[in-house]
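A.B. asks: For reference, this is query-v4.txt, and it has compact mmCIF, C-alpha atoms.
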# COMPACT_ATOMS: atom_id res chain seq x y z
CA MET A 138 0.00 0.00 0.00
CA ILE A 139 1.33 3.42 -0.96
CA ASN A 140 1.89 5.54 2.19
CA ASP A 141 1.66 9.32 2.54
CA ALA A 142 5.36 10.00 1.95
CA GLU A 143 5.29 7.86 -1.19
CA LYS A 144 2.16 9.61 -2.44
CA LEU A 145 3.88 12.94 -1.95
CA VAL A 146 6.88 11.82 -3.99
CA LEU A 147 4.69 10.40 -6.76
CA GLU A 148 2.84 13.73 -6.98
CA HIS A 149 6.14 15.34 -7.99
CA LEU A 150 6.69 13.04 -10.96
CA ASP A 151 6.03 14.76 -14.29
CA PRO A 152 5.30 12.32 -17.16
CA ASP A 153 5.83 15.06 -19.73
CA GLU A 154 9.27 15.72 -18.30
CA ALA A 155 10.14 12.02 -18.55
CA ILE A 156 9.22 12.06 -22.23
CA ARG A 157 11.05 15.32 -22.90
CA TRP A 158 14.25 14.31 -21.10
CA THR A 159 14.34 10.96 -22.88
CA GLN A 160 13.91 12.67 -26.23
CA GLU A 161 16.65 15.17 -25.45
CA LEU A 162 19.09 12.43 -24.47
CA VAL A 163 18.26 10.18 -27.43
CA ARG A 164 18.86 13.13 -29.78
CA ILE A 165 22.48 13.26 -28.60
CA PRO A 166 24.35 10.61 -30.60
CA SER A 167 26.62 8.74 -28.21
CA VAL A 168 27.97 5.89 -30.31
CA TYR A 169 31.65 5.36 -29.59
CA ARG A 170 33.43 5.81 -32.93
CA PRO A 171 37.16 6.21 -32.26
CA GLN A 172 37.90 6.64 -35.95
CA THR A 173 35.90 9.89 -36.01
CA GLY A 174 36.46 10.98 -32.42
CA GLU A 175 32.82 10.52 -31.37
CA THR A 176 32.30 9.48 -27.74
CA GLU A 177 29.75 9.58 -24.92
CA GLU A 178 30.99 12.94 -23.66
CA GLN A 179 28.17 15.12 -25.03
CA ALA A 180 25.52 12.82 -23.52
CA ALA A 181 27.45 12.76 -20.26
CA ARG A 182 27.53 16.57 -20.23
CA TRP A 183 23.74 16.59 -20.58
CA VAL A 184 23.46 14.25 -17.59
CA GLU A 185 25.94 16.32 -15.60
CA LYS A 186 23.90 19.48 -16.23
CA ARG A 187 20.68 17.80 -15.06
CA PHE A 188 22.43 16.45 -11.94
CA LYS A 189 23.59 19.92 -10.99
CA GLU A 190 20.14 21.42 -11.65
CA MET A 191 18.68 18.76 -9.33
CA GLY A 192 21.15 19.73 -6.61
CA LEU A 193 23.06 16.45 -6.62
CA GLU A 194 26.64 16.24 -5.46
CA THR A 195 28.13 15.67 -8.90
CA HIS A 196 31.38 13.95 -9.87
CA TRP A 197 32.98 13.85 -13.33
CA GLN A 198 35.26 10.82 -13.58
CA VAL A 199 37.44 10.53 -16.69
CA VAL A 200 37.79 6.88 -17.66
CA GLU A 201 39.52 7.59 -20.98
CA PRO A 202 39.76 10.83 -22.96
CA GLY A 203 36.22 11.79 -23.96
CA ARG A 204 34.74 8.85 -22.05
CA PRO A 205 33.58 9.98 -18.61
CA ASN A 206 31.53 8.51 -15.81
CA VAL A 207 29.05 10.94 -14.28
CA ILE A 208 28.10 10.24 -10.68
CA GLY A 209 25.33 12.05 -8.82
CA VAL A 210 24.63 11.68 -5.10
CA HIS A 211 21.57 12.72 -3.09
CA GLY A 212 22.12 12.57 0.64
CA GLN A 213 25.23 11.91 2.69
CA LEU A 214 27.22 8.83 1.71
CA GLY A 215 28.10 6.72 4.72
CA GLN A 216 25.07 7.79 6.74
CA GLY A 217 22.69 4.88 6.29
CA PRO A 218 22.40 2.59 3.26
CA CYS A 219 23.13 3.75 -0.28
CA LEU A 220 20.96 2.69 -3.22
CA MET A 221 22.55 2.98 -6.64
CA PHE A 222 20.66 3.39 -9.90
CA GLU A 223 23.05 2.33 -12.65
CA GLY A 224 22.93 3.23 -16.32
CA HIS A 225 25.22 3.95 -19.24
CA THR A 226 25.50 6.78 -21.74
CA ASP A 227 27.00 4.91 -24.70
CA VAL A 228 24.81 3.28 -27.35
CA VAL A 229 25.57 0.86 -30.15
CA THR A 230 25.83 1.90 -33.78
CA GLU A 231 22.66 2.65 -35.70
CA GLY A 232 24.03 0.66 -38.62
CA ASP A 233 22.49 1.44 -42.00
CA ARG A 234 20.39 4.58 -41.51
CA ALA A 235 18.48 3.82 -44.70
CA ALA A 236 17.07 0.71 -43.00
CA TRP A 237 15.36 2.84 -40.34
CA LYS A 238 11.80 4.05 -40.71
CA HIS A 239 12.50 6.64 -37.99
CA ASP A 240 15.52 8.92 -37.68
CA PRO A 241 17.79 6.93 -35.33
CA PHE A 242 18.56 10.11 -33.39
CA GLY A 243 15.26 11.89 -33.91
CA ALA A 244 13.41 10.61 -30.82
CA GLU A 245 10.15 10.68 -32.76
CA ILE A 246 6.95 9.64 -30.98
CA GLU A 247 4.52 7.27 -32.66
CA ASN A 248 1.81 5.05 -31.13
CA GLY A 249 2.90 5.76 -27.58
CA CYS A 250 6.58 4.98 -28.20
CA ILE A 251 9.78 7.02 -28.47
CA TYR A 252 11.92 5.82 -31.39
CA GLY A 253 15.68 6.09 -31.61
CA ARG A 254 18.98 4.42 -30.90
CA GLY A 255 19.38 4.12 -27.16
CA ALA A 256 15.75 4.92 -26.33
CA ALA A 257 15.38 1.53 -24.66
CA ASP A 258 19.05 0.63 -24.23
CA MET A 259 19.14 2.52 -22.05
CA LYS A 260 18.59 6.23 -21.97
CA GLY A 261 14.98 5.79 -20.91
CA GLY A 262 16.02 3.77 -17.87
CA LEU A 263 18.63 6.36 -16.94
CA VAL A 264 16.06 9.17 -17.22
CA ALA A 265 13.61 7.18 -15.07
CA ALA A 266 16.23 6.91 -12.31
CA MET A 267 17.06 10.61 -12.55
CA LEU A 268 13.43 11.75 -12.37
CA ALA A 269 12.60 9.34 -9.54
CA THR A 270 15.43 10.95 -7.57
CA LYS A 271 14.31 14.44 -8.61
CA ALA A 272 10.80 13.71 -7.31
CA VAL A 273 12.21 12.58 -3.96
CA ILE A 274 14.23 15.80 -3.69
CA GLU A 275 11.35 18.09 -4.69
CA SER A 276 8.91 16.36 -2.33
CA GLY A 277 11.04 17.31 0.66
CA VAL A 278 10.86 13.75 2.03
CA LYS A 279 14.01 13.05 4.04
CA LEU A 280 15.71 9.72 3.46
CA LYS A 281 17.61 7.65 6.02
CA GLY A 282 20.26 6.92 3.44
CA SER A 283 21.49 8.13 0.08
CA ILE A 284 20.80 7.66 -3.62
CA LEU A 285 23.68 7.36 -6.06
CA ILE A 286 23.08 7.56 -9.81
CA GLY A 287 25.88 6.28 -12.01
CA ALA A 288 25.81 7.23 -15.70
CA LEU A 289 28.80 5.21 -16.83
CA ALA A 290 30.82 4.91 -20.02
CA ASP A 291 31.59 1.95 -22.29
CA GLU A 292 28.94 -0.54 -21.18
CA GLU A 293 28.56 -1.66 -24.78
CA GLY A 294 32.30 -2.33 -25.02
CA LEU A 295 34.62 -3.71 -22.37
CA MET A 296 32.72 -2.03 -19.52
CA LYS A 297 35.65 0.22 -18.71
CA GLY A 298 33.35 2.71 -16.99
CA VAL A 299 32.04 0.38 -14.31
CA LYS A 300 35.46 -1.22 -13.87
CA HIS A 301 36.88 2.26 -13.18
CA PHE A 302 33.95 2.97 -10.83
CA VAL A 303 34.75 -0.17 -8.82
CA LYS A 304 38.53 0.27 -8.91
CA SER A 305 38.28 3.85 -7.66
CA GLY A 306 36.35 2.76 -4.56
CA TRP A 307 32.83 3.94 -5.35
CA ALA A 308 31.27 0.49 -5.15
CA GLU A 309 32.37 0.26 -1.52
CA LYS A 310 29.88 3.03 -0.74
CA VAL A 311 26.93 1.22 -2.38
CA SER A 312 24.62 -1.10 -0.41
CA ALA A 313 22.58 -2.36 -3.40
CA ALA A 314 22.00 -1.42 -7.02
CA ILE A 315 19.18 -1.41 -9.53
CA ILE A 316 20.54 -1.85 -13.05
CA CYS A 317 18.15 0.16 -15.23
CA GLU A 318 18.52 -1.92 -18.41
CA PRO A 319 15.47 -2.64 -20.64
CA GLU A 320 13.77 -5.73 -19.23
CA ASP A 321 10.07 -4.86 -19.65
CA ASN A 322 10.22 -3.80 -15.98
CA ARG A 323 10.75 -7.44 -14.99
CA LEU A 324 12.84 -8.17 -11.92
CA CYS A 325 15.88 -10.00 -13.28
CA ILE A 326 17.74 -11.70 -10.45
CA VAL A 327 20.26 -13.68 -12.55
CA GLN A 328 22.54 -12.80 -15.44
CA LYS A 329 24.61 -14.93 -17.76
CA GLY A 330 28.35 -14.53 -17.54
CA VAL A 331 30.55 -14.19 -20.59
CA MET A 332 34.02 -15.25 -21.60
CA TRP A 333 35.45 -14.08 -24.91
CA VAL A 334 38.36 -16.23 -26.04
CA ARG A 335 40.69 -15.88 -29.03
CA ILE A 336 42.45 -19.08 -30.12
CA LEU A 337 45.47 -19.09 -32.42
CA VAL A 338 46.31 -22.30 -34.29
CA THR A 339 49.74 -22.29 -35.92
CA GLY A 340 50.87 -24.44 -38.83
CA LYS A 341 53.42 -23.94 -41.59
CA MET A 342 52.84 -21.92 -44.73
CA ALA A 343 53.14 -23.80 -48.04
CA HIS A 344 52.09 -23.86 -51.68
CA GLY A 345 48.57 -25.17 -52.15
CA CYS A 346 49.79 -27.72 -54.68
CA MET A 347 52.38 -29.10 -52.23
CA PRO A 348 50.51 -29.24 -48.89
CA LEU A 349 52.78 -31.96 -47.48
CA THR A 350 55.63 -29.45 -47.33
CA GLY A 351 53.72 -27.48 -44.72
CA VAL A 352 51.14 -27.90 -41.92
CA ASN A 353 47.59 -26.77 -42.60
CA PRO A 354 46.22 -24.97 -39.51
CA ILE A 355 42.71 -24.98 -40.98
CA TYR A 356 42.39 -28.76 -40.64
CA HIS A 357 43.60 -28.49 -37.07
CA MET A 358 41.03 -25.75 -36.48
CA GLY A 359 38.32 -28.04 -37.84
CA ALA A 360 39.31 -30.77 -35.38
CA LEU A 361 39.29 -28.21 -32.58
CA LEU A 362 35.82 -26.94 -33.52
CA ALA A 363 34.44 -30.48 -33.31
CA GLU A 364 35.94 -30.85 -29.81
CA LEU A 365 34.49 -27.50 -28.72
CA LYS A 366 31.03 -28.54 -29.89
CA ALA A 367 31.38 -31.67 -27.75
CA LEU A 368 32.56 -29.53 -24.83
CA GLU A 369 29.44 -27.37 -25.13
CA ALA A 370 27.23 -30.48 -25.02
CA ASP A 371 29.08 -31.75 -21.95
CA GLU A 372 28.69 -28.40 -20.16
CA ILE A 373 24.95 -28.46 -20.87
CA ALA A 374 24.76 -32.02 -19.52
CA ARG A 375 26.70 -31.04 -16.41
CA HIS A 376 24.88 -27.80 -15.56
CA GLY A 377 21.47 -28.22 -17.16
CA SER A 378 19.26 -25.27 -17.95
CA ASP A 379 18.73 -22.31 -15.63
CA ALA A 380 15.06 -21.49 -15.00
CA TYR A 381 15.53 -17.90 -16.18
CA LEU A 382 18.58 -18.07 -18.43
CA GLY A 383 18.31 -21.35 -20.28
CA GLN A 384 21.42 -23.35 -21.13
CA PRO A 385 25.06 -22.30 -21.44
CA SER A 386 26.70 -21.94 -24.83
CA ILE A 387 30.04 -21.96 -26.61
CA THR A 388 29.62 -20.05 -29.87
CA PRO A 389 32.30 -19.57 -32.54
CA THR A 390 31.84 -16.06 -33.89
CA ILE A 391 34.97 -15.24 -35.93
CA VAL A 392 37.25 -17.55 -37.92
CA ARG A 393 40.07 -15.90 -39.84
CA SER A 394 42.89 -17.26 -41.98
CA PRO A 395 45.40 -16.02 -42.85
CA VAL A 396 45.60 -13.94 -39.70
CA ARG A 397 47.51 -11.19 -41.50
CA GLY A 398 48.14 -10.42 -45.12
CA GLU A 399 46.23 -11.26 -48.26
CA ALA A 400 44.41 -14.57 -48.72
CA GLN A 401 45.31 -16.38 -51.94
CA ASN A 402 43.77 -19.45 -53.59
CA ASN A 403 47.08 -21.26 -53.93
CA VAL A 404 48.64 -20.41 -50.56
CA MET A 405 48.16 -22.59 -47.48
CA PRO A 406 48.26 -20.13 -44.56
CA ALA A 407 50.53 -20.38 -41.56
CA GLN A 408 47.93 -19.49 -38.93
CA CYS A 409 44.21 -19.50 -38.23
CA THR A 410 42.32 -17.68 -35.47
CA LEU A 411 39.01 -18.43 -33.81
CA THR A 412 36.98 -16.20 -31.51
CA LEU A 413 34.54 -17.79 -29.07
CA ASP A 414 31.61 -16.12 -27.34
CA ILE A 415 31.04 -18.31 -24.28
CA ARG A 416 27.96 -17.66 -22.15
CA LEU A 417 27.88 -18.99 -18.60
CA ILE A 418 25.06 -19.77 -16.22
CA PRO A 419 25.36 -19.89 -12.41
CA GLY A 420 27.41 -22.90 -11.37
CA GLN A 421 29.86 -22.66 -14.26
CA SER A 422 33.42 -21.44 -13.90
CA ALA A 423 35.29 -19.49 -16.56
CA GLU A 424 38.59 -20.75 -15.15
CA GLN A 425 37.48 -24.38 -15.44
CA LEU A 426 36.33 -23.82 -19.01
CA GLU A 427 39.69 -22.33 -19.92
CA GLU A 428 41.45 -25.36 -18.45
CA ARG A 429 39.11 -27.78 -20.23
CA THR A 430 39.90 -26.02 -23.51
CA ARG A 431 43.61 -26.37 -22.86
CA ASP A 432 43.00 -30.07 -22.16
CA ILE A 433 41.55 -30.32 -25.67
CA PHE A 434 44.76 -28.78 -27.03
CA ARG A 435 46.79 -31.42 -25.20
CA ARG A 436 44.63 -34.29 -26.49
CA LEU A 437 44.86 -33.07 -30.08
CA LYS A 438 48.62 -32.63 -29.71
CA ALA A 439 48.91 -36.21 -28.47
CA LYS A 440 47.11 -37.43 -31.61
CA ASP A 441 49.11 -35.22 -33.99
CA ALA A 442 52.44 -33.75 -32.98
CA THR A 443 52.03 -30.94 -35.56
CA PHE A 444 49.04 -29.49 -33.70
CA GLU A 445 49.96 -26.16 -32.09
CA ALA A 446 47.41 -23.86 -30.42
CA ASP A 447 47.15 -21.28 -27.68
CA LEU A 448 44.38 -19.12 -26.32
CA GLU A 449 43.92 -15.63 -24.93
CA VAL A 450 41.02 -14.69 -22.67
CA ILE A 451 39.91 -11.30 -23.98
CA GLU A 452 37.25 -10.73 -21.34
CA SER A 453 35.73 -12.75 -18.52
CA ARG A 454 32.65 -11.84 -16.49
CA SER A 455 31.08 -14.28 -14.06
CA PRO A 456 27.36 -15.05 -14.02
CA THR A 457 25.42 -13.39 -11.21
CA ALA A 458 22.56 -14.56 -9.03
CA VAL A 459 20.73 -13.07 -6.07
CA SER A 460 17.86 -14.50 -4.07
CA LYS A 461 14.28 -13.30 -4.27
CA ASP A 462 14.76 -12.73 -0.55
CA GLU A 463 17.57 -10.20 -1.08
CA ARG A 464 16.38 -6.96 0.52
CA ILE A 465 16.58 -4.83 -2.62
CA VAL A 466 14.62 -7.47 -4.57
CA VAL A 467 11.92 -7.66 -1.89
CA GLN A 468 11.51 -3.88 -1.74
CA LEU A 469 11.47 -3.54 -5.53
CA ALA A 470 8.90 -6.32 -5.83
CA ASN A 471 6.65 -4.74 -3.20
CA ALA A 472 6.94 -1.33 -4.82
CA TYR A 473 6.06 -2.83 -8.20
CA ARG A 474 2.94 -4.49 -6.73
CA ASP A 475 1.71 -1.33 -5.05
CA VAL A 476 2.45 1.01 -7.97
CA THR A 477 1.08 -1.20 -10.75
CA ALA A 478 -1.46 -3.44 -8.96
CA LYS A 479 0.24 -6.35 -10.78
CA GLU A 480 2.45 -9.19 -9.61
CA PRO A 481 6.11 -8.72 -10.52
CA VAL A 482 7.55 -11.00 -13.16
CA TYR A 483 10.96 -12.42 -12.34
CA GLY A 484 13.50 -13.16 -15.03
CA GLY A 485 17.12 -13.31 -16.11
CA VAL A 486 19.38 -11.24 -18.34
CA PRO A 487 20.65 -13.29 -21.28
CA GLY A 488 23.67 -11.03 -21.76
CA THR A 489 25.85 -9.20 -19.27
CA THR A 490 25.46 -5.69 -17.87
CA ASP A 491 27.55 -3.32 -15.80
CA GLY A 492 25.84 -5.02 -12.88
CA THR A 493 27.99 -8.09 -13.54
CA ILE A 494 31.07 -6.10 -12.56
CA LEU A 495 29.37 -4.39 -9.61
CA PHE A 496 28.34 -7.79 -8.25
CA ALA A 497 31.48 -9.83 -8.96
CA ARG A 498 34.17 -7.21 -8.31
CA GLY A 499 32.37 -4.73 -6.09
CA GLY A 500 30.35 -7.13 -3.95
CA VAL A 501 27.14 -5.17 -4.60
CA PRO A 502 23.77 -7.00 -4.58
CA ILE A 503 22.05 -6.18 -7.87
CA VAL A 504 18.70 -6.56 -9.56
CA THR A 505 18.16 -5.60 -13.21
CA CYS A 506 14.87 -3.85 -13.90
CA GLY A 507 14.13 -1.17 -16.45
CA PRO A 508 11.72 0.04 -19.11
CA GLY A 509 11.93 -1.19 -22.68
CA ASP A 510 11.22 -4.31 -24.69
CA THR A 511 13.81 -6.93 -23.76
CA LEU A 512 14.24 -7.95 -27.40
CA ILE A 513 14.54 -4.50 -29.05
CA PRO A 514 18.07 -3.36 -28.06
CA HIS A 515 20.51 -3.12 -30.99
CA HIS A 516 17.66 -3.49 -33.52
CA VAL A 517 16.72 -1.10 -36.31
CA ASP A 518 13.90 1.23 -35.19
CA GLU A 519 14.62 0.69 -31.51
CA TYR A 520 11.82 2.14 -29.39
CA LEU A 521 10.70 2.73 -25.82
CA ASP A 522 7.13 2.34 -24.64
CA ILE A 523 6.20 5.56 -22.80
CA GLU A 524 3.88 3.78 -20.36
CA GLN A 525 6.76 1.55 -19.28
CA LEU A 526 8.98 4.61 -18.87
CA ILE A 527 6.48 6.27 -16.52
CA GLU A 528 5.86 3.00 -14.68
CA ALA A 529 9.58 2.49 -14.08
CA THR A 530 9.99 6.04 -12.78
CA LYS A 531 7.24 5.51 -10.22
CA VAL A 532 8.54 2.10 -9.17
CA TYR A 533 12.08 3.44 -8.75
CA ALA A 534 10.87 6.31 -6.58
CA VAL A 535 8.84 4.11 -4.23
CA THR A 536 11.63 1.52 -4.07
CA ALA A 537 14.12 4.20 -3.02
CA LEU A 538 11.89 5.29 -0.14
CA ARG A 539 11.29 1.75 1.04
CA TYR A 540 14.85 0.52 0.72
CA LEU A 541 16.42 3.59 2.35
CA GLY A 542 13.61 4.50 4.73
CA SER A 543 12.22 7.98 5.27
CA GLU A 544 11.95 10.23 8.31
Let me see the structure of the file written as structure tokens.
C.D. replies:
Amino acid sequence: MINDAEKLVLEHLDPDEAIRWTQELVRIPSVYRPQTGETEEQAARWVEKRFKEMGLETHWQVVEPGRPNVIGVHGQLGQGPCLMFEGHTDVVTEGDRAAWKHDPFGAEIENGCIYGRGAADMKGGLVAAMLATKAVIESGVKLKGSILIGALADEEGLMKGVKHFVKSGWAEKVSAAIICEPEDNRLCIVQKGVMWVRILVTGKMAHGCMPLTGVNPIYHMGALLAELKALEADEIARHGSDAYLGQPSITPTIVRSPVRGEAQNNVMPAQCTLTLDIRLIPGQSAEQLEERTRDIFRRLKAKDATFEADLEVIESRSPTAVSKDERIVVQLANAYRDVTAKEPVYGGVPGTTDGTILFARGGVPIVTCGPGDTLIPHHVDEYLDIEQLIEATKVYAVTALRYLGSE
């Protein structure tokens, strides 16, 4: 049941402002394009300006040139619990603009939706967190803790923003976090982990008409791919299927040979590379998978002394899981019930988010919940349902009051 303090905060939410702010932010292209010098900085400056207008203690944290984290704090850190709302300012490429019905950076409204790259993933969620906090401030309701909003860089890349946030000590100040990614306002309590691996198989270059004078790495790569497919099946047999995430996977995404130089019909290359996108569910270990892959190398070497391979782990992020009984999950679920008069839907995030790093490296309990169709991120004509945007803003505001407590 919504109490008087919560009603007061909700009265200060302005749906028109939520729409307007989302449109303004979507209209700022924030695709990271190093070849042209485009970064998230302009979008981050917009966030910084709003933070200062709201009266937040505002921090500008340079992760890389032109790639800042913007951190806003309401209340006194260290006095009571701290609830973080986490979002990112970078968006993925729009791809072929001609394929879009709507201007990818126009933030046009049609049939109750805002269209544009980043509308769902995840500028709408970031705006919802900002306006929920703004409503708390304007209501005059005093919290027994603090709200921290993190608008971080490079979530769509190697997550350098959140890694910098954790490394610089900010995560130590956070008691729990809501990751505002587009999940149809579901409460996602688990996330898949990821391990990106690059494998190099080395042979010996030779003329295509005299293959016995060399060693063909492509045949060795074929044998390795068959073993990796068997490894995937064994991992599925070992770990089963998560109720929210489904089964783990080992997916070859890039095969390249020769590694450098020009490919020619009559030249047997010296090397071949393979990139794997490995998705992990709770219970799996990235370290064990790396060792099992190296075991495959040893077995293939034992069968054929000319087999030579090595691997590099490009990125590794563990899967995350929190209980439905975790305090932030309970308070978010109760707020969702009272705001929407619906039962919350629990789920899992099939990819990884900045929350993966907050949880695994920062020790922060997380739940992922934000407005936007789960399936629309990175698609042409990405959109955000306005009703979900308003709903998320209300749910965030009530959750903040309940998790932190009010005087």
A.B. asks: For CA of Val207 in chain A and CA of His239 in chain A, determine how far apart the two atoms are, in Å to one decimal place.
C.D. replies: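 Separating CA of Val207 in chain A from CA of His239 in chain A is a distance of 29.2 Å.
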A.B. asks: Go through A:Asp141, A:Glu452, A:Glu148, A:Glu428 one by one, measure the shortest atom-to-atom distance of each to Ser276 in chain A using all atoms listed in the file, and give the residue with the smallest value.
C.D. replies: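 The closest residue to Ser276 in chain A is A:Glu148.
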A.B. asks: Can you work out the spacing between CA of Val184 in chain A and CA of Tyr540 in chain A in Å, to one decimal?
C.D. replies: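 Those two atoms sit 24.5 Å apart.
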A.B. asks: Using only C-alpha atoms, can you tell me which of A:Ala256, A:Ala265, A:Leu220, A:Leu147 comes closest to Gln468 in chain A?
C.D. replies: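 Once distances to Gln468 in chain A are computed over only C-alpha atoms, the minimum belongs to A:Leu220.
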A.B. asks: Pick out the residues sitting within 12 Å of Asp371 in chain A, and hand them over as a VMD selection string; count only C-alpha atoms, and ignore anything fewer than 6 positions along from it in its own chain.
C.D. replies: chain A and resid 364 to 365 377 384 to 387 421 426 429
A.B. asks: Under the rule that all atoms listed in the file are counted, which of A:Ser543, A:Thr490, A:Thr430, A:Thr536 is the nearest residue to Glu372 in chain A?
C.D. replies: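 The closest residue to Glu372 in chain A is A:Thr430.
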A.B. asks: Give me, as CSV, each residue of range 276-332 of chain A that comes within 6 Å of range 493-510 of chain A, together with its shortest interatomic pair and the distance in Å at one decimal, counting only C-alpha atoms, with rows ordered by chain and rising residue number.
C.D. replies:
residue,atom,partner,partner_atom,distance
A:Val303,CA,A:Gly499,CA,5.8
A:Ala308,CA,A:Gly499,CA,5.4
A:Ala313,CA,A:Pro502,CA,4.9
A:Ala314,CA,A:Ile503,CA,4.8
A:Ile315,CA,A:Val504,CA,5.2
A:Ile316,CA,A:Thr505,CA,4.4
A:Cys317,CA,A:Gly507,CA,4.4
A:Glu318,CA,A:Gly507,CA,4.9
A:Pro319,CA,A:Gly509,CA,4.3
A:Glu320,CA,A:Gly507,CA,5.4
A:Asp321,CA,A:Gly509,CA,5.1
A:Asn322,CA,A:Gly507,CA,4.7
A:Arg323,CA,A:Cys506,CA,5.6
A:Leu324,CA,A:Cys506,CA,5.2
A:Cys325,CA,A:Thr505,CA,5.0
A:Ile326,CA,A:Val504,CA,5.3
A.B. asks: Output C-alpha atoms for every residue in the selection just made, as a CSV table (one decimal), in the coordinates of the input.
C.D. replies:
chain,number,residue,atom,x,y,z
A,303,VAL,CA,34.8,-0.2,-8.8
A,308,ALA,CA,31.3,0.5,-5.2
A,313,ALA,CA,22.6,-2.4,-3.4
A,314,ALA,CA,22.0,-1.4,-7.0
A,315,ILE,CA,19.2,-1.4,-9.5
A,316,ILE,CA,20.5,-1.8,-13.0
A,317,CYS,CA,18.2,0.2,-15.2
A,318,GLU,CA,18.5,-1.9,-18.4
A,319,PRO,CA,15.5,-2.6,-20.6
A,320,GLU,CA,13.8,-5.7,-19.2
A,321,ASP,CA,10.1,-4.9,-19.6
A,322,ASN,CA,10.2,-3.8,-16.0
A,323,ARG,CA,10.8,-7.4,-15.0
A,324,LEU,CA,12.8,-8.2,-11.9
A,325,CYS,CA,15.9,-10.0,-13.3
A,326,ILE,CA,17.7,-11.7,-10.4
A.B. asks: Would you mind reading off the distance between CA of Ile451 in chain A and CA of Thr388 in chain A, one decimal, in Å?
C.D. replies: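 Computing it gives 14.7 Å between the two atoms.
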A.B. asks: Compare A:Ala360, A:Val146, A:Ala374, A:Met259 by their minimum atom-to-atom distance to Phe434 in chain A, counting only C-alpha atoms, and give me the closest one.
C.D. replies: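 Looking at the shortest contact to Phe434 in chain A, the residue is A:Ala360.
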A.B. asks: Need the neighbours of (5.3, -9.6, -11.3): which residues are at most 10 Å away, counting only C-alpha atoms, as a PyMOL selection string?
C.D. replies: chain A and resi 322-324+470-471+473-474+477-484
A.B. asks: For range 197-205 of chain A, what centre and edge lengths in Å (one decimal) does the axis-aligned box get once 6 Å is added on each side of all its listed atoms, as JSON?
C.D. replies:
{"center_x": 36.4, "center_y": 10.4, "center_z": -18.6, "size_x": 18.8, "size_y": 19.0, "size_z": 22.6}
A.B. asks: Given the choices A:Gln328, A:Thr530, A:Thr230, A:Thr350, which gets closest to Pro514 in chain A if the distance is worked out from only C-alpha atoms?
C.D. replies: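 Using only C-alpha atoms, Pro514 in chain A sits closest to A:Thr230.
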